[in-house]
Every structure is written in structure tokens, then in C-alpha cells.
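Shown next: structure-v4.pdb, given as PDB, C-alpha atoms and all ligand atoms.
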```pdb
ATOM      1  CA  MET A   1      -4.533   0.590   7.684  1.00  0.00           C
ATOM      2  CA  LYS A   2      -4.474   0.505   3.886  1.00  0.00           C
ATOM      3  CA  ILE A   3      -6.163   3.351   2.059  1.00  0.00           C
ATOM      4  CA  LEU A   4      -6.705   3.182  -1.673  1.00  0.00           C
ATOM      5  CA  LEU A   5      -7.290   6.379  -3.624  1.00  0.00           C
ATOM      6  CA  LEU A   6      -8.842   5.907  -7.065  1.00  0.00           C
ATOM      7  CA  ASN A   7      -8.285   8.962  -9.228  1.00  0.00           C
ATOM      8  CA  GLY A   8     -10.722   9.123 -12.145  1.00  0.00           C
ATOM      9  CA  SER A   9      -9.351  12.258 -13.799  1.00  0.00           C
ATOM     10  CA  PRO A  10      -7.165  12.099 -16.891  1.00  0.00           C
ATOM     11  CA  ARG A  11      -5.502  15.437 -16.176  1.00  0.00           C
ATOM     12  CA  LYS A  12      -3.511  17.135 -13.452  1.00  0.00           C
ATOM     13  CA  GLY A  13      -6.315  19.342 -12.180  1.00  0.00           C
ATOM     14  CA  ASN A  14      -8.930  19.570  -9.461  1.00  0.00           C
ATOM     15  CA  THR A  15      -9.204  15.891  -8.595  1.00  0.00           C
ATOM     16  CA  VAL A  16      -5.442  15.753  -8.096  1.00  0.00           C
ATOM     17  CA  THR A  17      -5.687  18.857  -5.886  1.00  0.00           C
ATOM     18  CA  ALA A  18      -8.447  17.239  -3.834  1.00  0.00           C
ATOM     19  CA  LEU A  19      -6.425  14.064  -3.369  1.00  0.00           C
ATOM     20  CA  GLU A  20      -3.334  16.054  -2.379  1.00  0.00           C
ATOM     21  CA  ALA A  21      -5.407  17.695   0.383  1.00  0.00           C
ATOM     22  CA  LEU A  22      -6.738  14.323   1.487  1.00  0.00           C
ATOM     23  CA  LYS A  23      -3.208  12.886   1.561  1.00  0.00           C
ATOM     24  CA  LYS A  24      -2.156  15.774   3.800  1.00  0.00           C
ATOM     25  CA  GLY A  25      -4.820  14.648   6.252  1.00  0.00           C
ATOM     26  CA  LEU A  26      -3.899  10.990   5.871  1.00  0.00           C
ATOM     27  CA  ALA A  27      -0.268  11.801   6.653  1.00  0.00           C
ATOM     28  CA  GLN A  28      -1.425  12.650  10.171  1.00  0.00           C
ATOM     29  CA  ILE A  29      -2.762   9.130  10.728  1.00  0.00           C
ATOM     30  CA  PRO A  30       0.257   7.143  11.994  1.00  0.00           C
ATOM     31  CA  ASP A  31      -0.591   3.718  10.527  1.00  0.00           C
ATOM     32  CA  ALA A  32      -2.128   4.930   7.256  1.00  0.00           C
ATOM     33  CA  GLU A  33      -0.578   3.278   4.233  1.00  0.00           C
ATOM     34  CA  VAL A  34      -1.749   5.125   1.120  1.00  0.00           C
ATOM     35  CA  GLU A  35      -1.865   3.711  -2.394  1.00  0.00           C
ATOM     36  CA  GLU A  36      -3.078   5.795  -5.309  1.00  0.00           C
ATOM     37  CA  ILE A  37      -4.310   4.416  -8.617  1.00  0.00           C
ATOM     38  CA  LEU A  38      -4.630   6.707 -11.598  1.00  0.00           C
ATOM     39  CA  CYS A  39      -7.431   5.189 -13.658  1.00  0.00           C
ATOM     40  CA  GLU A  40      -6.238   7.035 -16.783  1.00  0.00           C
ATOM     41  CA  GLY A  41      -3.639   5.018 -18.667  1.00  0.00           C
ATOM     42  CA  LYS A  42      -4.591   1.678 -17.149  1.00  0.00           C
ATOM     43  CA  ASN A  43      -5.150  -1.039 -19.672  1.00  0.00           C
ATOM     44  CA  ILE A  44      -8.721  -2.081 -18.948  1.00  0.00           C
ATOM     45  CA  ILE A  45     -10.683  -4.067 -21.499  1.00  0.00           C
ATOM     46  CA  PRO A  46     -14.349  -3.190 -21.018  1.00  0.00           C
ATOM     47  CA  CYS A  47     -16.368  -5.960 -19.353  1.00  0.00           C
ATOM     48  CA  ARG A  48     -17.879  -8.180 -22.039  1.00  0.00           C
ATOM     49  CA  ALA A  49     -20.254 -10.012 -19.695  1.00  0.00           C
ATOM     50  CA  CYS A  50     -18.819 -13.375 -20.773  1.00  0.00           C
ATOM     51  CA  ASP A  51     -18.984 -14.522 -17.133  1.00  0.00           C
ATOM     52  CA  ALA A  52     -15.767 -16.512 -17.499  1.00  0.00           C
ATOM     53  CA  CYS A  53     -14.528 -14.665 -14.408  1.00  0.00           C
ATOM     54  CA  GLY A  54     -17.170 -16.578 -12.428  1.00  0.00           C
ATOM     55  CA  SER A  55     -14.949 -19.663 -12.357  1.00  0.00           C
ATOM     56  CA  MET A  56     -11.582 -17.876 -12.400  1.00  0.00           C
ATOM     57  CA  SER A  57     -12.183 -14.902 -10.090  1.00  0.00           C
ATOM     58  CA  ARG A  58     -10.323 -12.761 -12.614  1.00  0.00           C
ATOM     59  CA  CYS A  59     -10.996 -11.396 -16.061  1.00  0.00           C
ATOM     60  CA  ILE A  60      -9.928 -13.832 -18.796  1.00  0.00           C
ATOM     61  CA  PHE A  61      -8.728 -10.939 -20.937  1.00  0.00           C
ATOM     62  CA  ALA A  62      -5.189  -9.756 -20.224  1.00  0.00           C
ATOM     63  CA  ASP A  63      -5.506  -6.306 -18.698  1.00  0.00           C
ATOM     64  CA  ASP A  64      -4.633  -4.416 -15.508  1.00  0.00           C
ATOM     65  CA  SER A  65      -7.820  -5.313 -13.646  1.00  0.00           C
ATOM     66  CA  PRO A  66      -6.392  -8.193 -11.538  1.00  0.00           C
ATOM     67  CA  GLU A  67      -3.796  -5.894  -9.895  1.00  0.00           C
ATOM     68  CA  ILE A  68      -6.375  -3.194  -9.318  1.00  0.00           C
ATOM     69  CA  ASN A  69      -8.870  -5.657  -7.873  1.00  0.00           C
ATOM     70  CA  ALA A  70      -6.137  -7.017  -5.592  1.00  0.00           C
ATOM     71  CA  ALA A  71      -5.511  -3.485  -4.295  1.00  0.00           C
ATOM     72  CA  VAL A  72      -9.257  -2.984  -3.777  1.00  0.00           C
ATOM     73  CA  GLU A  73      -9.500  -6.270  -1.903  1.00  0.00           C
ATOM     74  CA  ALA A  74      -6.572  -5.413   0.362  1.00  0.00           C
ATOM     75  CA  ALA A  75      -7.758  -1.897   1.198  1.00  0.00           C
ATOM     76  CA  ASP A  76      -9.423  -1.016   4.489  1.00  0.00           C
ATOM     77  CA  ALA A  77     -10.761   2.157   2.910  1.00  0.00           C
ATOM     78  CA  ILE A  78     -11.321   3.281  -0.673  1.00  0.00           C
ATOM     79  CA  VAL A  79     -11.806   6.829  -1.922  1.00  0.00           C
ATOM     80  CA  PHE A  80     -13.421   7.313  -5.316  1.00  0.00           C
ATOM     81  CA  ALA A  81     -12.351  10.730  -6.634  1.00  0.00           C
ATOM     82  CA  THR A  82     -13.686  11.758 -10.014  1.00  0.00           C
ATOM     83  CA  PRO A  83     -14.585  14.724 -12.157  1.00  0.00           C
ATOM     84  CA  VAL A  84     -18.133  14.907 -13.509  1.00  0.00           C
ATOM     85  CA  TYR A  85     -18.307  13.885 -17.151  1.00  0.00           C
ATOM     86  CA  TRP A  86     -21.814  14.110 -18.581  1.00  0.00           C
ATOM     87  CA  TRP A  87     -23.578  13.783 -15.215  1.00  0.00           C
ATOM     88  CA  GLY A  88     -21.509  10.751 -14.326  1.00  0.00           C
ATOM     89  CA  MET A  89     -18.106   9.574 -13.143  1.00  0.00           C
ATOM     90  CA  THR A  90     -15.410   9.385 -15.830  1.00  0.00           C
ATOM     91  CA  ALA A  91     -15.335   6.398 -18.169  1.00  0.00           C
ATOM     92  CA  GLN A  92     -11.826   5.622 -16.922  1.00  0.00           C
ATOM     93  CA  MET A  93     -13.169   5.039 -13.402  1.00  0.00           C
ATOM     94  CA  LYS A  94     -16.297   3.202 -14.529  1.00  0.00           C
ATOM     95  CA  LEU A  95     -14.248   0.700 -16.553  1.00  0.00           C
ATOM     96  CA  ILE A  96     -12.362  -0.184 -13.389  1.00  0.00           C
ATOM     97  CA  ILE A  97     -15.494  -0.483 -11.251  1.00  0.00           C
ATOM     98  CA  ASP A  98     -17.120  -2.764 -13.836  1.00  0.00           C
ATOM     99  CA  LYS A  99     -14.200  -5.140 -13.344  1.00  0.00           C
ATOM    100  CA  PHE A 100     -15.092  -5.500  -9.633  1.00  0.00           C
ATOM    101  CA  TYR A 101     -17.524  -8.031 -11.114  1.00  0.00           C
ATOM    102  CA  ALA A 102     -14.612 -10.406 -11.656  1.00  0.00           C
ATOM    103  CA  ARG A 103     -14.171 -10.704  -7.878  1.00  0.00           C
ATOM    104  CA  GLY A 104     -17.897 -11.471  -7.583  1.00  0.00           C
ATOM    105  CA  THR A 105     -18.819 -12.607  -4.125  1.00  0.00           C
ATOM    106  CA  LYS A 106     -15.218 -12.187  -2.881  1.00  0.00           C
ATOM    107  CA  PHE A 107     -15.716  -8.441  -2.511  1.00  0.00           C
ATOM    108  CA  HIS A 108     -18.998  -8.840  -0.672  1.00  0.00           C
ATOM    109  CA  GLY A 109     -18.994  -8.191   3.023  1.00  0.00           C
ATOM    110  CA  LEU A 110     -15.299  -7.313   3.345  1.00  0.00           C
ATOM    111  CA  LYS A 111     -14.990  -4.647   5.996  1.00  0.00           C
ATOM    112  CA  LYS A 112     -14.253  -1.433   4.121  1.00  0.00           C
ATOM    113  CA  LYS A 113     -14.922   2.239   4.433  1.00  0.00           C
ATOM    114  CA  VAL A 114     -15.735   4.265   1.340  1.00  0.00           C
ATOM    115  CA  GLY A 115     -15.550   7.954   0.548  1.00  0.00           C
ATOM    116  CA  SER A 116     -16.277   9.868  -2.620  1.00  0.00           C
ATOM    117  CA  ILE A 117     -15.063  13.223  -3.887  1.00  0.00           C
ATOM    118  CA  VAL A 118     -16.618  14.625  -7.046  1.00  0.00           C
ATOM    119  CA  VAL A 119     -15.594  17.784  -8.886  1.00  0.00           C
ATOM    120  CA  GLY A 120     -17.657  19.447 -11.592  1.00  0.00           C
ATOM    121  CA  GLU A 121     -18.095  22.751 -13.338  1.00  0.00           C
ATOM    122  CA  ALA A 122     -21.756  23.100 -12.373  1.00  0.00           C
ATOM    123  CA  ASP A 123     -23.071  24.711  -9.196  1.00  0.00           C
ATOM    124  CA  GLN A 124     -23.816  22.442  -6.281  1.00  0.00           C
ATOM    125  CA  ASP A 125     -27.574  22.462  -6.919  1.00  0.00           C
ATOM    126  CA  ASP A 126     -27.050  20.476 -10.139  1.00  0.00           C
ATOM    127  CA  PRO A 127     -28.413  16.900  -9.775  1.00  0.00           C
ATOM    128  CA  GLU A 128     -25.136  15.469 -11.132  1.00  0.00           C
ATOM    129  CA  TYR A 129     -23.543  15.441  -7.677  1.00  0.00           C
ATOM    130  CA  GLU A 130     -26.432  13.513  -6.147  1.00  0.00           C
ATOM    131  CA  ILE A 131     -26.508  11.102  -9.115  1.00  0.00           C
ATOM    132  CA  ILE A 132     -22.817  10.195  -8.758  1.00  0.00           C
ATOM    133  CA  ALA A 133     -22.860  10.089  -4.959  1.00  0.00           C
ATOM    134  CA  ARG A 134     -25.908   7.815  -5.063  1.00  0.00           C
ATOM    135  CA  GLN A 135     -24.276   5.495  -7.578  1.00  0.00           C
ATOM    136  CA  ILE A 136     -21.136   5.145  -5.481  1.00  0.00           C
ATOM    137  CA  TRP A 137     -23.196   4.691  -2.308  1.00  0.00           C
ATOM    138  CA  CYS A 138     -25.252   1.948  -3.994  1.00  0.00           C
ATOM    139  CA  ILE A 139     -22.140   0.117  -5.220  1.00  0.00           C
ATOM    140  CA  ALA A 140     -20.640   0.244  -1.717  1.00  0.00           C
ATOM    141  CA  ASP A 141     -23.900  -0.773  -0.057  1.00  0.00           C
ATOM    142  CA  TYR A 142     -24.342  -3.696  -2.464  1.00  0.00           C
ATOM    143  CA  LEU A 143     -20.877  -4.909  -1.484  1.00  0.00           C
ATOM    144  CA  GLY A 144     -21.553  -4.385   2.206  1.00  0.00           C
ATOM    145  CA  TRP A 145     -19.051  -1.531   2.507  1.00  0.00           C
ATOM    146  CA  GLU A 146     -19.701   1.477   4.722  1.00  0.00           C
ATOM    147  CA  THR A 147     -19.822   4.906   3.074  1.00  0.00           C
ATOM    148  CA  VAL A 148     -18.321   7.435   5.478  1.00  0.00           C
ATOM    149  CA  PHE A 149     -18.311  10.591   3.352  1.00  0.00           C
ATOM    150  CA  GLN A 150     -19.570  11.906   0.026  1.00  0.00           C
ATOM    151  CA  LYS A 151     -18.411  15.372  -0.959  1.00  0.00           C
ATOM    152  CA  SER A 152     -18.654  17.439  -4.097  1.00  0.00           C
ATOM    153  CA  TYR A 153     -17.040  20.679  -5.183  1.00  0.00           C
ATOM    154  CA  THR A 154     -17.512  23.167  -7.974  1.00  0.00           C
ATOM    155  CA  ALA A 155     -14.311  23.782  -9.937  1.00  0.00           C
ATOM    156  CA  ASN A 156     -13.577  23.807 -13.626  1.00  0.00           C
ATOM    157  CA  LYS A 157     -10.188  25.099 -14.713  1.00  0.00           C
ATOM    158  CA  PRO A 158      -7.357  22.859 -13.475  1.00  0.00           C
ATOM    159  CA  ARG A 159      -6.248  25.221 -10.666  1.00  0.00           C
ATOM    160  CA  ASP A 160      -9.759  26.301  -9.504  1.00  0.00           C
ATOM    161  CA  LEU A 161      -9.962  23.997  -6.501  1.00  0.00           C
ATOM    162  CA  ALA A 162      -6.439  24.946  -5.416  1.00  0.00           C
ATOM    163  CA  ALA A 163      -7.780  28.470  -4.814  1.00  0.00           C
ATOM    164  CA  ASP A 164     -10.654  27.250  -2.615  1.00  0.00           C
ATOM    165  CA  GLU A 165      -9.078  27.175   0.837  1.00  0.00           C
ATOM    166  CA  ALA A 166     -12.290  26.168   2.621  1.00  0.00           C
ATOM    167  CA  ALA A 167     -12.694  23.160   0.337  1.00  0.00           C
ATOM    168  CA  LEU A 168      -9.078  22.082   0.839  1.00  0.00           C
ATOM    169  CA  ALA A 169      -9.387  22.327   4.626  1.00  0.00           C
ATOM    170  CA  GLU A 170     -12.597  20.303   4.531  1.00  0.00           C
ATOM    171  CA  ILE A 171     -11.023  17.606   2.345  1.00  0.00           C
ATOM    172  CA  GLU A 172      -7.973  17.372   4.610  1.00  0.00           C
ATOM    173  CA  GLY A 173     -10.323  16.794   7.538  1.00  0.00           C
ATOM    174  CA  LEU A 174     -12.127  13.949   5.737  1.00  0.00           C
ATOM    175  CA  ALA A 175      -9.075  11.743   6.233  1.00  0.00           C
ATOM    176  CA  ALA A 176     -10.029  11.138   9.863  1.00  0.00           C
ATOM    177  CA  LEU A 177     -13.321   9.557   8.779  1.00  0.00           C
ATOM    178  CA  LEU A 178     -11.451   6.780   6.988  1.00  0.00           C
ATOM    179  CA  LYS A 179      -9.881   5.488  10.223  1.00  0.00           C
TER     180      LYS A 179
HETATM  181  C1  LIG A 201     -15.895  15.271 -21.399  1.00  0.00           C
HETATM  182  C2  LIG A 201     -16.224  16.216 -20.275  1.00  0.00           C
HETATM  183  C3  LIG A 201     -17.513  16.220 -19.769  1.00  0.00           C
HETATM  184  C4  LIG A 201     -17.860  17.072 -18.724  1.00  0.00           C
HETATM  185  N1  LIG A 201     -19.135  17.028 -18.235  1.00  0.00           N
HETATM  186  C5  LIG A 201     -19.467  17.807 -17.188  1.00  0.00           C
HETATM  187  C6  LIG A 201     -20.782  17.744 -16.630  1.00  0.00           C
HETATM  188  O1  LIG A 201     -21.655  16.998 -17.074  1.00  0.00           O
HETATM  189  N2  LIG A 201     -21.035  18.548 -15.575  1.00  0.00           N
HETATM  190  C7  LIG A 201     -20.105  19.387 -15.023  1.00  0.00           C
HETATM  191  O2  LIG A 201     -20.406  20.072 -14.062  1.00  0.00           O
HETATM  192  N3  LIG A 201     -18.840  19.453 -15.529  1.00  0.00           N
HETATM  193  C8  LIG A 201     -18.515  18.680 -16.576  1.00  0.00           C
HETATM  194  N4  LIG A 201     -17.238  18.731 -17.083  1.00  0.00           N
HETATM  195  C9  LIG A 201     -16.236  19.612 -16.440  1.00  0.00           C
HETATM  196  C10 LIG A 201     -15.343  18.885 -15.440  1.00  0.00           C
HETATM  197  O3  LIG A 201     -16.089  18.115 -14.533  1.00  0.00           O
HETATM  198  C11 LIG A 201     -14.528  19.910 -14.650  1.00  0.00           C
HETATM  199  O4  LIG A 201     -13.714  20.639 -15.532  1.00  0.00           O
HETATM  200  C12 LIG A 201     -13.680  19.301 -13.561  1.00  0.00           C
HETATM  201  O5  LIG A 201     -13.122  20.328 -12.775  1.00  0.00           O
HETATM  202  C13 LIG A 201     -12.568  18.440 -14.109  1.00  0.00           C
HETATM  203  O6  LIG A 201     -11.847  17.866 -13.042  1.00  0.00           O
HETATM  204  P1  LIG A 201     -10.259  17.624 -13.108  1.00  0.00           P
HETATM  205  O7  LIG A 201      -9.643  18.995 -13.153  1.00  0.00           O
HETATM  206  O8  LIG A 201      -9.928  16.889 -11.881  1.00  0.00           O
HETATM  207  O9  LIG A 201      -9.990  16.824 -14.320  1.00  0.00           O
HETATM  208  C14 LIG A 201     -16.882  17.933 -18.161  1.00  0.00           C
HETATM  209  C15 LIG A 201     -15.571  17.935 -18.694  1.00  0.00           C
HETATM  210  C16 LIG A 201     -15.238  17.092 -19.739  1.00  0.00           C
HETATM  211  C17 LIG A 201     -13.844  17.087 -20.282  1.00  0.00           C
END
```
Let me see whether you can do it: turn the structure in this file into C-alpha cells.
Amino acid sequence: MKILLLNGSPRKGNTVTALEALKKGLAQIPDAEVEEILCEGKNIIPCRACDACGSMSRCIFADDSPEINAAVEAADAIVFATPVYWWGMTAQMKLIIDKFYARGTKFHGLKKKVGSIVVGEADQDDPEYEIIARQIWCIADYLGWETVFQKSYTANKPRDLAADEAALAEIEGLAALLK
């Protein structure tokens, strides 16, 4: 079982902490093969809507999107983990998702489970968590992928989430839902 973790944060902070907790849980699943992609630092040319990918199934511009799309295609489960930036996912993650377009219909209907983990400074009653969860759910649903969890946490300074034992235990337990 291949599990792809997409980390949308550019820093070593709460999203990394959340993914460490998830990986602890995944380590208890015997056949889980985990791959992590740090969106930050990837060379992704923003989608220019040229539609050339329609005939090539890959972006015509030389960037890292073909390898990332190959990892997405191969995964049985994908976890989108991102901080909140301006009521949305980070630009680093969105650039990568936009390039899913290059795989067009090839991504549709592949059997995949999806989870999302979102970390923001605001309290949990802020609409930002629902906005991002809904967006990720819609992307997955459009592609025919099953969303199995959507979680959000309030944390701001890089080590905040590491001090939230209840959150870490919950995240560790989410791993079982990806099976
Ligand atoms: C450019 C930028 C925009 C942000 N926008 C929001 C926001 O709209 N809402 C929010 O709750 N937190 C916002 N934050 C705070 C981060 O979501 C928060 O610090 C989070 O814990 C960062 O996660 P990380 O430690 O994994 O990078 C923003 C931070 C930055 C740098």
C-alpha cells in the first residue's frame, strides 16, 4: 500500500509535526510504503492553461510536476497537509495540485483514499478550516477519490502542535483510516 504525504509548509513547524505523528501511525501498518513530498523547493511552473498537456499527458514546460504526478498516480492514499495561508492552502501546494490537470482523465476514477490535515493560527470556529477542507474534498470527489478524514488544528509558532498531545494522538490514529 503506497501512501503519499504532500507537505505544503515551507518551514519545519506544525505541519511537519503533524506528519511525524501520522508516520508513527503508518509505521504500525505492515505493508505501508510511505513517500513524502515537500512542496516547498519543487520547481513548478504555474499552469499556463495552454492545454498542450492534453495531448502529452504531461506539462510541456520542464519542471518537477511529471515526477510528482507519477507519485500521485501510484499512490493508494494521499494526505494533503498544509498550513493556512490567507484562508487557503499554501501556494506551494496549490501549484502542485494545479498540475494534476496535466494527467487529465488519467487521474479520474483511480481508487484512492484522501486525507487532509490543516494547521492555522485561528481558532477552530474560523471558516478557513471548512473552506480548505471543502476544496480538498471537492478536488478528490471530482477525481472519484474517497475522502476518509479531514482534520484541522490550531497552532501558530513552529513547536505549538508538538505540545498538543491530544492532537498528536488523534493524528497518529488517522493512519488506520488510510488502509
Ligand atoms: C503568509 C502567511 C499567511 C497566513 N495566513 C493565515 C490565515 O489566514 N489564517 C490562520 O489561521 N493562520 C495563518 N497563518 C499562520 C499559519 O497558518 C500558522 O503559523 C501555521 O501554524 C503554520 O504552519 P507550519 O508551522 O506547518 O508552517 C499565516 C502564516 C503565513 C506565513
Can you build me a table of chain A residues sitting at most 12 Å from ligand LIG 201 (chain A), with the closest atom pair per residue and its distance in Å to one decimal, using all atoms listed in the file, sorted by chain and residue number, as a Markdown table?
```
| residue | atom | partner | partner_atom | distance |
| --- | --- | --- | --- | --- |
| A:Asn7 | CA | A:LIG201 | O8 | 8.5 |
| A:Gly8 | CA | A:LIG201 | O8 | 7.8 |
| A:Ser9 | CA | A:LIG201 | O9 | 4.6 |
| A:Pro10 | CA | A:LIG201 | O9 | 6.1 |
| A:Arg11 | CA | A:LIG201 | O9 | 5.1 |
| A:Lys12 | CA | A:LIG201 | O7 | 6.4 |
| A:Gly13 | CA | A:LIG201 | O7 | 3.5 |
| A:Asn14 | CA | A:LIG201 | O8 | 3.7 |
| A:Thr15 | CA | A:LIG201 | O8 | 3.5 |
| A:Val16 | CA | A:LIG201 | O8 | 6.0 |
| A:Thr17 | CA | A:LIG201 | O8 | 7.6 |
| A:Ala18 | CA | A:LIG201 | O8 | 8.2 |
| A:Leu19 | CA | A:LIG201 | O8 | 9.6 |
| A:Glu20 | CA | A:LIG201 | O8 | 11.6 |
| A:Leu38 | CA | A:LIG201 | O8 | 11.5 |
| A:Cys39 | CA | A:LIG201 | O9 | 11.9 |
| A:Glu40 | CA | A:LIG201 | O9 | 10.8 |
| A:Ala81 | CA | A:LIG201 | O8 | 8.4 |
| A:Thr82 | CA | A:LIG201 | O8 | 6.6 |
| A:Pro83 | CA | A:LIG201 | O6 | 4.3 |
| A:Val84 | CA | A:LIG201 | O3 | 3.9 |
| A:Tyr85 | CA | A:LIG201 | N1 | 3.4 |
| A:Trp86 | CA | A:LIG201 | O1 | 3.3 |
| A:Trp87 | CA | A:LIG201 | O1 | 4.2 |
| A:Gly88 | CA | A:LIG201 | O1 | 6.8 |
| A:Met89 | CA | A:LIG201 | O3 | 8.9 |
| A:Thr90 | CA | A:LIG201 | C1 | 8.1 |
| A:Ala91 | CA | A:LIG201 | C1 | 9.5 |
| A:Gln92 | CA | A:LIG201 | C1 | 11.4 |
| A:Ile117 | CA | A:LIG201 | O8 | 10.2 |
| A:Val118 | CA | A:LIG201 | O3 | 8.3 |
| A:Val119 | CA | A:LIG201 | O5 | 5.3 |
| A:Gly120 | CA | A:LIG201 | O3 | 3.6 |
| A:Glu121 | CA | A:LIG201 | O2 | 3.6 |
| A:Ala122 | CA | A:LIG201 | O2 | 3.7 |
| A:Asp123 | CA | A:LIG201 | O2 | 7.2 |
| A:Gln124 | CA | A:LIG201 | O2 | 8.8 |
| A:Asp125 | CA | A:LIG201 | O2 | 10.4 |
| A:Asp126 | CA | A:LIG201 | O2 | 7.7 |
| A:Pro127 | CA | A:LIG201 | N2 | 9.5 |
| A:Glu128 | CA | A:LIG201 | N2 | 6.8 |
| A:Tyr129 | CA | A:LIG201 | O2 | 8.5 |
| A:Glu130 | CA | A:LIG201 | O2 | 11.9 |
| A:Ile131 | CA | A:LIG201 | O1 | 11.0 |
| A:Ile132 | CA | A:LIG201 | O1 | 10.8 |
| A:Ser152 | CA | A:LIG201 | O2 | 10.5 |
| A:Tyr153 | CA | A:LIG201 | O5 | 8.6 |
| A:Thr154 | CA | A:LIG201 | O5 | 7.1 |
| A:Ala155 | CA | A:LIG201 | O5 | 4.6 |
| A:Asn156 | CA | A:LIG201 | O5 | 3.6 |
| A:Lys157 | CA | A:LIG201 | O4 | 5.7 |
| A:Pro158 | CA | A:LIG201 | O7 | 4.5 |
| A:Arg159 | CA | A:LIG201 | O7 | 7.5 |
| A:Asp160 | CA | A:LIG201 | O5 | 7.6 |
| A:Leu161 | CA | A:LIG201 | O5 | 7.9 |
| A:Ala162 | CA | A:LIG201 | O7 | 10.3 |
```
Result set, the PyMOL selection byres (((chain A and resi 23) around 12) and not hetatm) on current file, as a PyMOL selection string
chain A and resi 3-5+16-22+24-29+32-36+79+168-169+171-176+178
Hey, could you pull the box centre and edge lengths for stretch 57-61 of chain A, axis-aligned, 4 Å padding per side, all listed atoms, to one decimal in Å, as lines of an AutoDock Vina configuration file?
```
center_x = -10.5
center_y = -12.9
center_z = -15.5
size_x = 11.5
size_y = 12.0
size_z = 18.8
```
On this structure, the PyMOL selection byres (((chain A and resi 73) around 10) and not hetatm) would catch which residues? List them as a PyMOL selection string, sorted by chain and number.
chain A and resi 4+67-72+74-78+100+103+106-108+110-112
With distances taken over all atoms listed in the file, the candidate from A:Arg134, A:Lys151, A:Arg58, A:Lys113 nearest A:Lys2 is A:Lys113
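Those residues returned by the PyMOL selection byres (((chain A and resi 143) around 8) and not hetatm) for this file are Phe107, His108, Gly109, Leu110, Ile139, Ala140, Asp141, Tyr142, Gly144 and Trp145 of chain A.
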List the spatial neighbours of stretch 60-65 of chain A as a VMD selection string - criterion: any atom at most 12 Å away, all atoms listed in the file, same-chain residues fewer than 3 positions off excluded.
chain A and resid 37 to 57 68 to 73 93 95 to 103
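Atom pair atom CA of A:Lys179 / atom CA of A:Asp31: separated by 9.5 Å.
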Quick one, how far is atom CA of A:Ser116 from atom CA of A:Lys94?
13.6 Å
